$ cat input_3.csv   # CSV, C-alpha atoms
chain,number,residue,atom,x,y,z
X,1,MET,CA,-23.0,8.6,1.8
X,2,GLN,CA,-25.1,10.9,3.9
X,3,THR,CA,-24.4,14.5,5.0
X,4,ARG,CA,-26.1,16.3,7.8
X,5,ARG,CA,-25.6,19.9,8.6
X,6,THR,CA,-25.7,21.2,12.2
X,7,ASN,CA,-24.5,24.2,14.1
X,8,HIS,CA,-22.2,24.4,17.1
X,9,GLU,CA,-22.2,27.8,18.7
X,10,GLY,CA,-23.0,29.4,15.4
X,11,THR,CA,-20.3,27.5,13.5
X,12,PRO,CA,-21.6,25.1,10.8
X,13,ILE,CA,-20.7,21.5,11.2
X,14,LEU,CA,-21.1,19.1,8.3
X,15,TYR,CA,-21.4,15.5,9.4
X,16,VAL,CA,-20.4,13.1,6.6
X,17,SER,CA,-21.1,9.4,7.0
X,18,GLY,CA,-20.9,6.2,5.0
X,19,ARG,CA,-18.9,5.7,1.8
X,20,VAL,CA,-17.4,8.6,-0.2
X,21,ASP,CA,-16.0,7.6,-3.6
X,22,SER,CA,-16.1,8.5,-7.3
X,23,THR,CA,-19.8,7.7,-7.6
X,24,ASN,CA,-21.0,10.3,-5.0
X,25,TYR,CA,-18.2,12.8,-4.2
X,26,HIS,CA,-20.2,15.5,-6.2
X,27,LYS,CA,-22.9,15.2,-3.5
X,28,LEU,CA,-20.2,16.0,-0.9
X,29,GLU,CA,-19.0,18.9,-3.0
X,30,ALA,CA,-22.5,20.2,-3.3
X,31,ALA,CA,-23.1,20.0,0.5
X,32,LEU,CA,-19.8,21.8,1.1
X,33,ARG,CA,-20.5,24.5,-1.5
X,34,SER,CA,-23.9,25.1,0.0
X,35,ILE,CA,-22.2,26.2,3.3
X,36,ASN,CA,-20.1,28.7,1.4
X,37,ASP,CA,-23.3,29.8,-0.5
X,38,ASP,CA,-24.8,30.7,2.9
X,39,GLY,CA,-21.9,33.1,3.4
X,40,LYS,CA,-20.1,30.8,5.8
X,41,TYR,CA,-16.4,30.3,5.2
X,42,ARG,CA,-15.4,28.9,8.6
X,43,PHE,CA,-16.7,25.5,9.4
X,44,ALA,CA,-15.9,22.0,10.4
X,45,VAL,CA,-16.4,18.6,8.7
X,46,ASP,CA,-17.0,15.7,11.1
X,47,LEU,CA,-15.6,12.5,9.6
X,48,SER,CA,-16.5,10.2,12.5
X,49,GLY,CA,-19.1,8.3,10.5
X,50,ILE,CA,-16.9,7.6,7.4
X,51,GLU,CA,-16.8,4.0,6.4
X,52,TYR,CA,-14.8,4.4,3.2
X,53,LEU,CA,-13.1,7.4,1.6
X,54,SER,CA,-11.1,7.6,-1.6
X,55,SER,CA,-9.2,10.4,-3.3
X,56,ALA,CA,-12.4,11.7,-4.9
X,57,GLY,CA,-13.7,12.7,-1.4
X,58,ILE,CA,-10.4,14.2,-0.4
X,59,ARG,CA,-10.5,16.3,-3.6
X,60,ALA,CA,-13.9,17.6,-2.6
X,61,LEU,CA,-12.6,18.6,0.9
X,62,ILE,CA,-9.5,20.3,-0.6
X,63,SER,CA,-11.7,22.2,-3.0
X,64,ALA,CA,-13.9,23.4,-0.1
X,65,LEU,CA,-10.8,24.4,1.8
X,66,LYS,CA,-9.4,26.4,-1.2
X,67,SER,CA,-12.7,28.3,-1.8
X,68,SER,CA,-13.1,29.1,1.9
X,69,LYS,CA,-9.6,30.2,2.3
X,70,SER,CA,-9.9,32.5,-0.7
X,71,ARG,CA,-12.6,34.3,1.5
X,72,PHE,CA,-10.3,34.3,4.5
X,73,GLY,CA,-12.1,31.4,6.1
X,74,ASN,CA,-11.0,27.9,7.0
X,75,VAL,CA,-12.3,24.3,6.9
X,76,VAL,CA,-11.2,22.0,9.6
X,77,LEU,CA,-11.7,18.2,10.0
X,78,VAL,CA,-13.1,16.6,13.2
X,79,ASN,CA,-12.8,13.2,14.7
X,80,PRO,CA,-11.9,11.1,11.7
X,81,SER,CA,-12.9,7.4,11.8
X,82,ASP,CA,-10.1,4.8,11.6
X,83,VAL,CA,-10.5,4.5,7.8
X,84,ALA,CA,-10.7,8.2,7.3
X,85,ARG,CA,-7.6,8.7,9.5
X,86,GLU,CA,-5.7,6.2,7.4
X,87,VAL,CA,-6.6,7.9,4.1
X,88,LEU,CA,-5.7,11.4,5.6
X,89,ASP,CA,-2.4,9.9,6.8
X,90,ILE,CA,-1.3,8.4,3.5
X,91,GLY,CA,-2.4,11.6,1.7
X,92,GLY,CA,-0.4,13.8,4.0
X,93,LEU,CA,-3.6,15.8,4.6
X,94,GLU,CA,-2.3,16.9,8.1
X,95,HIS,CA,-0.1,19.2,6.0
X,96,VAL,CA,-3.1,20.9,4.6
X,97,PHE,CA,-6.0,20.6,7.2
X,98,ASP,CA,-6.2,21.3,10.9
X,99,ILE,CA,-7.6,18.0,12.3
X,100,TYR,CA,-9.2,18.0,15.7
X,101,ASP,CA,-10.4,15.2,18.1
X,102,SER,CA,-13.6,17.0,19.1
X,103,THR,CA,-16.1,19.5,17.7
X,104,ASP,CA,-15.6,21.8,20.8
X,105,GLU,CA,-11.8,21.9,20.1
X,106,ALA,CA,-12.4,22.5,16.4
X,107,VAL,CA,-14.9,25.3,16.9
X,108,ALA,CA,-12.7,26.9,19.6
X,109,ASN,CA,-9.8,27.1,17.0
X,110,LEU,CA,-11.9,28.3,14.1
Y,1,MET,CA,1.4,-19.8,-8.7
Y,2,SER,CA,-2.3,-19.7,-9.0
Y,3,GLU,CA,-4.3,-19.0,-12.1
Y,4,LEU,CA,-5.6,-15.5,-12.8
Y,5,THR,CA,-9.3,-15.2,-11.8
Y,6,GLU,CA,-10.7,-12.7,-14.2
Y,7,ARG,CA,-13.9,-10.9,-15.0
Y,8,THR,CA,-14.9,-8.1,-17.4
Y,9,PHE,CA,-16.9,-5.1,-16.3
Y,10,ALA,CA,-18.3,-2.0,-18.0
Y,11,GLY,CA,-16.2,1.1,-17.6
Y,12,ARG,CA,-18.7,3.1,-15.4
Y,13,PHE,CA,-18.3,4.6,-12.0
Y,14,ASP,CA,-21.2,2.5,-10.6
Y,15,GLN,CA,-19.2,-0.7,-11.6
Y,16,ILE,CA,-16.2,0.2,-9.5
Y,17,ARG,CA,-17.7,-1.1,-6.3
Y,18,LEU,CA,-18.4,-4.4,-8.0
Y,19,ILE,CA,-14.9,-4.6,-9.5
Y,20,CYS,CA,-13.4,-4.0,-6.1
Y,21,GLU,CA,-15.7,-6.5,-4.4
Y,22,PHE,CA,-14.6,-9.1,-7.0
Y,23,ILE,CA,-10.9,-8.2,-6.2
Y,24,LEU,CA,-11.7,-8.4,-2.5
Y,25,GLN,CA,-12.8,-12.0,-2.8
Y,26,GLY,CA,-9.2,-12.6,-3.8
Y,27,ALA,CA,-7.9,-10.5,-1.0
Y,28,ALA,CA,-9.9,-12.6,1.4
Y,29,ALA,CA,-8.6,-15.8,-0.1
Y,30,ALA,CA,-5.1,-14.4,0.3
Y,31,GLY,CA,-5.8,-14.2,4.1
Y,32,PHE,CA,-5.6,-10.4,4.4
Y,33,GLY,CA,-7.0,-8.7,7.5
Y,34,ASP,CA,-9.4,-5.8,7.6
Y,35,LYS,CA,-6.8,-3.1,7.2
Y,36,ALA,CA,-5.0,-4.7,4.2
Y,37,ARG,CA,-8.4,-5.5,2.6
Y,38,PHE,CA,-9.3,-1.8,2.9
Y,39,GLN,CA,-6.0,-0.9,1.2
Y,40,VAL,CA,-6.6,-3.4,-1.6
Y,41,GLU,CA,-10.1,-1.9,-2.1
Y,42,LEU,CA,-8.6,1.7,-2.1
Y,43,ALA,CA,-6.0,0.8,-4.7
Y,44,CYS,CA,-8.5,-1.0,-6.9
Y,45,ASP,CA,-11.0,1.9,-6.6
Y,46,GLU,CA,-8.3,4.5,-7.5
Y,47,ALA,CA,-7.0,2.5,-10.4
Y,48,CYS,CA,-10.5,2.0,-11.9
Y,49,THR,CA,-11.4,5.7,-11.4
Y,50,ASN,CA,-8.2,6.7,-13.3
Y,51,ILE,CA,-9.0,4.2,-16.1
Y,52,ILE,CA,-12.5,5.7,-16.6
Y,53,GLU,CA,-11.5,9.3,-16.1
Y,54,HIS,CA,-8.2,9.4,-17.9
Y,55,ALA,CA,-7.7,6.3,-20.1
Y,56,TYR,CA,-11.2,6.3,-21.4
Y,57,GLY,CA,-11.9,10.0,-20.8
Y,58,GLY,CA,-15.4,9.3,-19.5
Y,59,GLU,CA,-18.0,6.6,-18.6
Y,60,GLY,CA,-19.3,4.0,-21.0
Y,61,VAL,CA,-16.4,4.2,-23.4
Y,62,GLY,CA,-14.7,0.9,-22.8
Y,63,ALA,CA,-14.5,-2.1,-20.6
Y,64,ILE,CA,-12.3,-2.9,-17.6
Y,65,ARG,CA,-11.0,-6.5,-17.3
Y,66,ALA,CA,-10.1,-7.2,-13.7
Y,67,GLY,CA,-8.2,-10.1,-12.4
Y,68,TRP,CA,-6.4,-11.4,-9.3
Y,69,ARG,CA,-4.0,-14.2,-8.5
Y,70,ILE,CA,-1.8,-15.4,-5.6
Y,71,ASP,CA,1.8,-15.6,-6.8
Y,72,GLY,CA,4.2,-17.1,-4.3
Y,73,THR,CA,4.4,-14.4,-1.6
Y,74,ARG,CA,2.2,-11.9,-3.3
Y,75,PHE,CA,-1.4,-11.0,-4.0
Y,76,VAL,CA,-1.5,-9.6,-7.5
Y,77,ILE,CA,-4.2,-7.4,-9.0
Y,78,GLN,CA,-4.3,-6.9,-12.8
Y,79,LEU,CA,-6.5,-4.3,-14.4
Y,80,HIS,CA,-6.8,-4.0,-18.1
Y,81,ASP,CA,-8.3,-1.4,-20.4
Y,82,HIS,CA,-8.2,-0.2,-24.0
Y,83,GLY,CA,-8.0,3.5,-23.3
Y,84,GLN,CA,-5.2,5.9,-23.7
Y,85,ALA,CA,-1.7,5.0,-22.6
Y,86,PHE,CA,-0.1,6.9,-19.7
Y,87,ASP,CA,3.2,7.1,-17.9
Y,88,PRO,CA,2.9,6.4,-14.2
Y,89,ALA,CA,6.5,7.6,-13.7
Y,90,ALA,CA,5.4,11.0,-14.8
Y,91,ILE,CA,2.8,11.2,-12.0
Y,92,LYS,CA,4.5,12.7,-9.0
Y,93,PRO,CA,3.2,12.4,-5.4
Y,94,PRO,CA,1.1,15.4,-4.4
Y,95,PRO,CA,3.0,18.1,-2.5
Y,96,MET,CA,1.2,17.5,0.8
Y,97,ALA,CA,2.5,13.9,0.9
Y,98,VAL,CA,5.9,15.4,1.1
Y,99,GLY,CA,5.5,18.3,3.5
Y,100,PRO,CA,3.6,21.4,4.6
Y,101,THR,CA,1.6,22.7,1.7
Y,102,ASN,CA,-0.4,25.7,0.8
Y,103,PRO,CA,-3.8,24.5,-0.5
Y,104,ASP,CA,-3.5,26.7,-3.5
Y,105,ASP,CA,-0.5,24.7,-4.6
Y,106,ILE,CA,-2.5,21.5,-4.7
Y,107,LYS,CA,-3.4,20.5,-8.2
Y,108,THR,CA,-6.2,18.0,-8.9
Y,109,GLY,CA,-4.9,14.6,-9.9
Y,110,GLY,CA,-2.0,12.5,-8.8
Y,111,LEU,CA,-3.6,11.7,-5.4
Y,112,GLY,CA,-5.1,8.4,-6.5
Y,113,MET,CA,-1.8,7.2,-8.0
Y,114,HIS,CA,-0.1,8.2,-4.7
Y,115,PHE,CA,-2.6,6.1,-2.7
Y,116,MET,CA,-2.0,3.1,-5.0
Y,117,ARG,CA,1.7,3.4,-4.6
Y,118,THR,CA,1.5,3.8,-0.9
Y,119,VAL,CA,-0.9,0.9,0.0
Y,120,MET,CA,0.4,-1.6,-2.5
Y,121,ASP,CA,4.0,-2.9,-2.5
Y,122,ASP,CA,4.6,-2.9,-6.2
Y,123,LEU,CA,3.1,-1.3,-9.2
Y,124,ASP,CA,3.9,-2.1,-12.8
Y,125,TYR,CA,2.3,-0.8,-16.0
Y,126,ARG,CA,2.4,-2.2,-19.5
Y,127,PHE,CA,1.2,-0.7,-22.7
Y,128,ASP,CA,0.7,-2.6,-25.9
Y,129,ALA,CA,-0.8,-1.1,-29.0
Y,130,GLU,CA,-3.0,-4.1,-29.6
Y,131,GLU,CA,-3.5,-5.3,-26.1
Y,132,GLY,CA,-4.0,-1.9,-24.4
Y,133,ASN,CA,-3.0,-0.9,-20.9
Y,134,THR,CA,-2.3,-3.4,-18.1
Y,135,LEU,CA,-1.8,-2.2,-14.6
Y,136,ILE,CA,-0.3,-4.8,-12.3
Y,137,MET,CA,-0.3,-4.1,-8.5
Y,138,SER,CA,0.9,-6.5,-5.9
Y,139,LYS,CA,0.9,-6.7,-2.2
Y,140,GLN,CA,2.9,-8.9,0.1
Y,141,LEU,CA,0.8,-11.7,1.6
Y,142,PRO,CA,0.4,-11.8,5.3
Y,143,ARG,CA,2.9,-14.2,6.7
Y,144,THR,CA,3.3,-16.1,9.9
Y,145,GLU,CA,6.1,-18.2,11.2
Y,146,GLU,CA,4.2,-21.2,9.9
Y,147,SER,CA,4.9,-20.2,6.3
Y,148,PRO,CA,7.8,-22.0,4.5
Y,149,VAL,CA,9.6,-18.7,4.4
Y,150,TRP,CA,8.8,-15.6,6.3
Y,151,ASP,CA,10.5,-12.4,7.4
Y,152,ARG,CA,10.3,-9.7,10.1
Y,153,ALA,CA,12.2,-6.7,11.3
Y,154,LEU,CA,14.4,-7.0,14.4
Y,155,ALA,CA,16.4,-4.2,16.1
Y,156,HIS,CA,19.5,-3.6,14.0
Y,157,ALA,CA,18.7,-6.4,11.5
Y,158,HIS,CA,16.0,-8.1,9.4
Y,159,LEU,CA,15.3,-11.7,10.1
Y,160,ILE,CA,14.4,-14.2,7.3
Y,161,GLY,CA,13.3,-17.5,8.5
Y,162,ALA,CA,12.4,-20.8,6.8
Y,163,GLN,CA,11.2,-24.1,7.8
Y,164,GLY,CA,11.1,-27.6,6.4
Y,165,ARG,CA,12.7,-28.3,3.0
Y,166,LEU,CA,14.2,-25.6,0.9
Y,167,ASP,CA,13.7,-27.4,-2.3
Y,168,HIS,CA,12.5,-26.5,-5.8
Y,169,GLU,CA,9.1,-25.7,-4.3
Y,170,ASN,CA,10.2,-23.3,-1.6
Y,171,VAL,CA,13.4,-21.8,-3.0
Y,172,PRO,CA,11.6,-19.4,-5.3
Y,173,LEU,CA,9.9,-18.1,-2.2
Y,174,LEU,CA,13.2,-17.7,-0.4
Y,175,GLU,CA,14.7,-15.9,-3.4
Y,176,ARG,CA,11.7,-13.6,-3.7
Y,177,THR,CA,11.7,-12.8,0.1
Y,178,LEU,CA,15.4,-12.0,0.1
Y,179,LEU,CA,15.0,-9.8,-3.0
Y,180,ASP,CA,12.0,-8.0,-1.5
Y,181,VAL,CA,13.8,-7.4,1.8
Y,182,ILE,CA,16.9,-6.0,0.1
Y,183,ASP,CA,14.9,-3.9,-2.4
Y,184,GLY,CA,13.2,-2.5,0.7
Y,185,GLY,CA,16.5,-1.0,1.7
Y,186,ARG,CA,17.5,-3.6,4.4
Y,187,ASN,CA,21.1,-4.6,4.3
Y,188,TRP,CA,21.7,-6.3,7.6
Y,189,LEU,CA,20.1,-9.7,7.3
Y,190,ILE,CA,20.0,-12.8,9.5
Y,191,VAL,CA,18.8,-16.0,7.8
Y,192,ASP,CA,17.5,-18.4,10.5
Y,193,LEU,CA,17.8,-22.0,9.2
Y,194,SER,CA,17.3,-23.7,12.5
Y,195,ARG,CA,14.0,-25.3,11.4
Y,196,VAL,CA,15.3,-26.2,7.9
Y,197,THR,CA,15.9,-29.8,7.3
Y,198,TYR,CA,17.2,-29.7,3.7
Y,199,ILE,CA,18.5,-27.0,1.3
Y,200,ASN,CA,19.2,-27.5,-2.4
Y,201,SER,CA,21.8,-25.9,-4.5
Y,202,GLY,CA,19.3,-23.2,-5.7
Y,203,GLY,CA,18.7,-22.3,-2.0
Y,204,LEU,CA,22.4,-22.0,-1.4
Y,205,ARG,CA,22.8,-19.9,-4.5
Y,206,ALA,CA,20.0,-17.6,-3.4
Y,207,LEU,CA,21.9,-17.0,-0.1
Y,208,VAL,CA,25.1,-16.2,-1.9
Y,209,THR,CA,23.4,-13.8,-4.3
Y,210,ALA,CA,21.7,-12.0,-1.4
Y,211,TRP,CA,25.0,-11.9,0.5
Y,212,ARG,CA,26.8,-10.3,-2.4
Y,213,ARG,CA,24.1,-7.7,-2.8
Y,214,VAL,CA,24.1,-6.6,0.8
Y,215,ARG,CA,28.0,-6.6,0.9
Y,216,GLY,CA,27.8,-4.3,-2.0
Y,217,GLU,CA,25.7,-2.0,0.1
Y,218,HIS,CA,28.1,-2.3,3.1
Y,219,GLY,CA,25.7,-4.5,5.0
Y,220,ASN,CA,26.0,-8.2,5.8
Y,221,LEU,CA,24.0,-11.4,5.7
Y,222,VAL,CA,24.7,-14.0,8.4
Y,223,VAL,CA,23.3,-17.4,9.0
Y,224,ALA,CA,21.9,-18.6,12.3
Y,225,GLY,CA,20.9,-21.9,13.8
Y,226,LEU,CA,22.4,-24.4,11.4
Y,227,GLY,CA,21.8,-28.0,12.4
Y,228,ASP,CA,24.5,-30.7,12.1
Y,229,LYS,CA,23.3,-31.8,8.7
Y,230,LEU,CA,23.2,-28.4,7.1
Y,231,LEU,CA,26.5,-27.4,8.8
Y,232,ASP,CA,28.2,-30.4,7.1
Y,233,ILE,CA,26.9,-29.2,3.7
Y,234,PHE,CA,28.1,-25.6,4.4
Y,235,ARG,CA,31.6,-26.9,5.4
Y,236,MET,CA,31.8,-29.2,2.4
Y,237,ILE,CA,31.3,-26.5,-0.1
Y,238,GLY,CA,33.3,-23.9,1.8
Y,239,PHE,CA,30.2,-21.7,2.8
Y,240,ASP,CA,31.5,-21.6,6.4
Y,241,ARG,CA,34.2,-19.3,5.0
Y,242,VAL,CA,31.7,-17.1,3.1
Y,243,PHE,CA,29.0,-16.7,5.8
Y,244,GLN,CA,29.4,-15.8,9.4
Y,245,LEU,CA,27.6,-18.6,11.2
Y,246,TYR,CA,25.9,-18.3,14.6
Y,247,THR,CA,24.2,-20.8,16.8
Y,248,SER,CA,21.2,-18.5,17.5
Y,249,VAL,CA,19.4,-15.5,16.1
Y,250,GLU,CA,20.2,-13.6,19.3
Y,251,ALA,CA,24.0,-14.3,18.8
Y,252,ALA,CA,23.7,-13.2,15.2
Y,253,GLN,CA,21.8,-10.0,16.2
Y,254,ALA,CA,24.5,-9.1,18.8
Y,255,ALA,CA,27.2,-9.6,16.2
Y,256,LEU,CA,25.5,-7.4,13.6
Y,257,ARG,CA,24.9,-4.7,16.2
Y,258,ARG,CA,28.6,-4.7,17.0
Y,259,GLU,CA,29.4,-4.6,13.2
Y,260,GLN,CA,27.2,-1.6,12.7
Y,261,ALA,CA,28.6,0.3,15.7
$ encode --input "input_3.csv" --output "structure tokens"
Amino acid sequence: MQTRRTNHEGTPILYVSGRVDSTNYHKLEAALRSINDDGKYRFAVDLSGIEYLSSAGIRALISALKSSKSRFGNVVLVNPSDVAREVLDIGGLEHVFDIYDSTDEAVANL
Amino acid sequence: MSELTERTFAGRFDQIRLICEFILQGAAAAGFGDKARFQVELACDEACTNIIEHAYGGEGVGAIRAGWRIDGTRFVIQLHDHGQAFDPAAIKPPPMAVGPTNPDDIKTGGLGMHFMRTVMDDLDYRFDAEEGNTLIMSKQLPRTEESPVWDRALAHAHLIGAQGRLDHENVPLLERTLLDVIDGGRNWLIVDLSRVTYINSGGLRALVTAWRRVRGEHGNLVVAGLGDKLLDIFRMIGFDRVFQLYTSVEAAQAALRREQA
């Protein structure tokens, strides 16, 4: 798994790629937490490069959503790959996260 | 039924990928495509993660014995550990799998089990004080109309087809398929026997058993495409008075549609 942080019109975007599972979800947690640590509670996570995702990665995303919402922010998901989309679907994550097809759309709605 | 192909791994997170790759060799042998192979990997990963986290309560505590086999119409995964017992029935699906959810209401845990239940067709768990925990997950093999027995959904009905000889070798497959279809909540069934050249008494019994079950659910099971030879057998034993017989699947489908109206 790799993470890369960028900015889109002042909104942090975390690009996550590769495999996210029980061996490395804590790295994803840390990357998400570091955004909150910078005082940013509204941001997007780009899942277009995800090759594999298990419930461990989903838990990291939910935990970031909870901590951001507790500070009146939000975490949205962008452009999930087919595999990420399937995992989000079977987990019912559309009931928890706003999911957008593009970064522009996500940032506009944040 | 094929033999169980088994290997033992250390109960550590970095072994899970290897365990799943081992299971995926079986999934490839079973003929699963990309999507189904991903689902098998996910189920294996979640099960092993739960074993390490919950049954053993940490890494390096005990081993995981992983195995796979192809059993009739199913690909079966078996995972064994000597950790703490658990009750899968007590693990409810997470709230977001059911409907709109406030993130604060999401507890950790349960998501992995939900994934396993969703991507696999069947999940069974056994605990034995000596043997430890055995988790058995199975997934329907991909089937084409070249298989001895196959099934697919139609509008207003579910079609079960067979070809060749329904003898001691293929009847268990027919039984299993009928059971699976009915367990899946489908009660309007068409059995297409147009490509069947022989059916033994076990095969006939399987049809009656399935017919009784769907009648009990206010559905029906009808038979389509009997050739002369099979039709003689059906008449001789009075099955033409039990089953509605149709010359084609289309005719059977139209009849079931009228029956449901």
$ residues_around --input "input_3.csv" --residues "Asp228 of chain Y" --least-positions-apart "3" --cutoff "12 Å" --atoms "only C-alpha atoms" --output "MDAnalysis selection string"
chainID Y and resid 193:198 225 231:235 247
$ interface_residues --input "input_3.csv" --of "chain X" --to "chain Y" --cutoff "6 Å" --atoms "all atoms listed in the file" --output "mmCIF file with C-alpha atoms, keeping the file's coordinate frame"
data_model
loop_
_atom_site.group_PDB
_atom_site.id
_atom_site.type_symbol
_atom_site.label_atom_id
_atom_site.label_comp_id
_atom_site.auth_asym_id
_atom_site.auth_seq_id
_atom_site.Cartn_x
_atom_site.Cartn_y
_atom_site.Cartn_z
ATOM 1 C CA THR X 23 -19.800 7.700 -7.600
ATOM 2 C CA SER X 55 -9.200 10.400 -3.300
ATOM 3 C CA LYS X 66 -9.400 26.400 -1.200
ATOM 4 C CA GLY X 91 -2.400 11.600 1.700
ATOM 5 C CA GLY X 92 -0.400 13.800 4.000
ATOM 6 C CA HIS X 95 -0.100 19.200 6.000
ATOM 7 C CA VAL X 96 -3.100 20.900 4.600
#
$ closest_residue --input "input_3.csv" --among "X:Gln2, X:Asn7, X:Ser63, X:Thr103" --to "Lys27 of chain X" --atoms "only C-alpha atoms"
X:Gln2
$ atom_distance --input "input_3.csv" --atom1 "atom CA of Val83 of chain X" --atom2 "atom CA of Gly49 of chain X"
9.8 Å
$ residues_near_point --input "input_3.csv" --point "(-22.9, 34.9, 7.4)" --cutoff "12 Å" --atoms "only C-alpha atoms" --output "VMD selection string"
chain X and resid 10 to 12 35 to 43 71 73
$ atom_distance --input "input_3.csv" --atom1 "atom CA of Ala60 of chain X" --atom2 "atom CA of Cys44 of chain Y"
19.8 Å
$ atom_distance --input "input_3.csv" --atom1 "atom CA of Asn50 of chain Y" --atom2 "atom CA of Leu65 of chain X"
23.4 Å
$ residues_around --input "input_3.csv" --residues "Tyr25 of chain X" --least-positions-apart "6" --cutoff "10 Å" --atoms "all atoms listed in the file" --output "ChimeraX atom specification"
/X:1,19,31,53-61
$ residues_around --input "input_3.csv" --residues "Val191 of chain Y" --least-positions-apart "5" --cutoff "9 Å" --atoms "only C-alpha atoms" --output "PyMOL selection string"
chain Y and resi 158-162+207+221-225+249
$ residues_around --input "input_3.csv" --residues "Leu174 of chain Y" --least-positions-apart "5" --cutoff "8 Å" --atoms "all atoms listed in the file" --output "PyMOL selection string"
chain Y and resi 149+162+203+206
$ write_last_selection --input "input_3.csv" --atoms "C-alpha atoms" --output "CSV table (one decimal), in the frame of the given file"
chain,number,residue,atom,x,y,z
Y,149,VAL,CA,9.6,-18.7,4.4
Y,162,ALA,CA,12.4,-20.8,6.8
Y,203,GLY,CA,18.7,-22.3,-2.0
Y,206,ALA,CA,20.0,-17.6,-3.4
$ closest_residue --input "input_3.csv" --among "Y:Ile70, Y:Ala10, Y:Ile199, Y:Leu123" --to "Ala89 of chain Y" --atoms "all atoms listed in the file"
Y:Leu123
$ closest_residue --input "input_3.csv" --among "Y:Glu259, Y:Pro142, Y:Gly202, Y:Asp151" --to "Val171 of chain Y" --atoms "all atoms listed in the file"
Y:Gly202
$ residues_around --input "input_3.csv" --residues "Tyr15 of chain X" --least-positions-apart "4" --cutoff "7 Å" --atoms "all atoms listed in the file" --output "PyMOL selection string"
chain X and resi 3-5+45-47
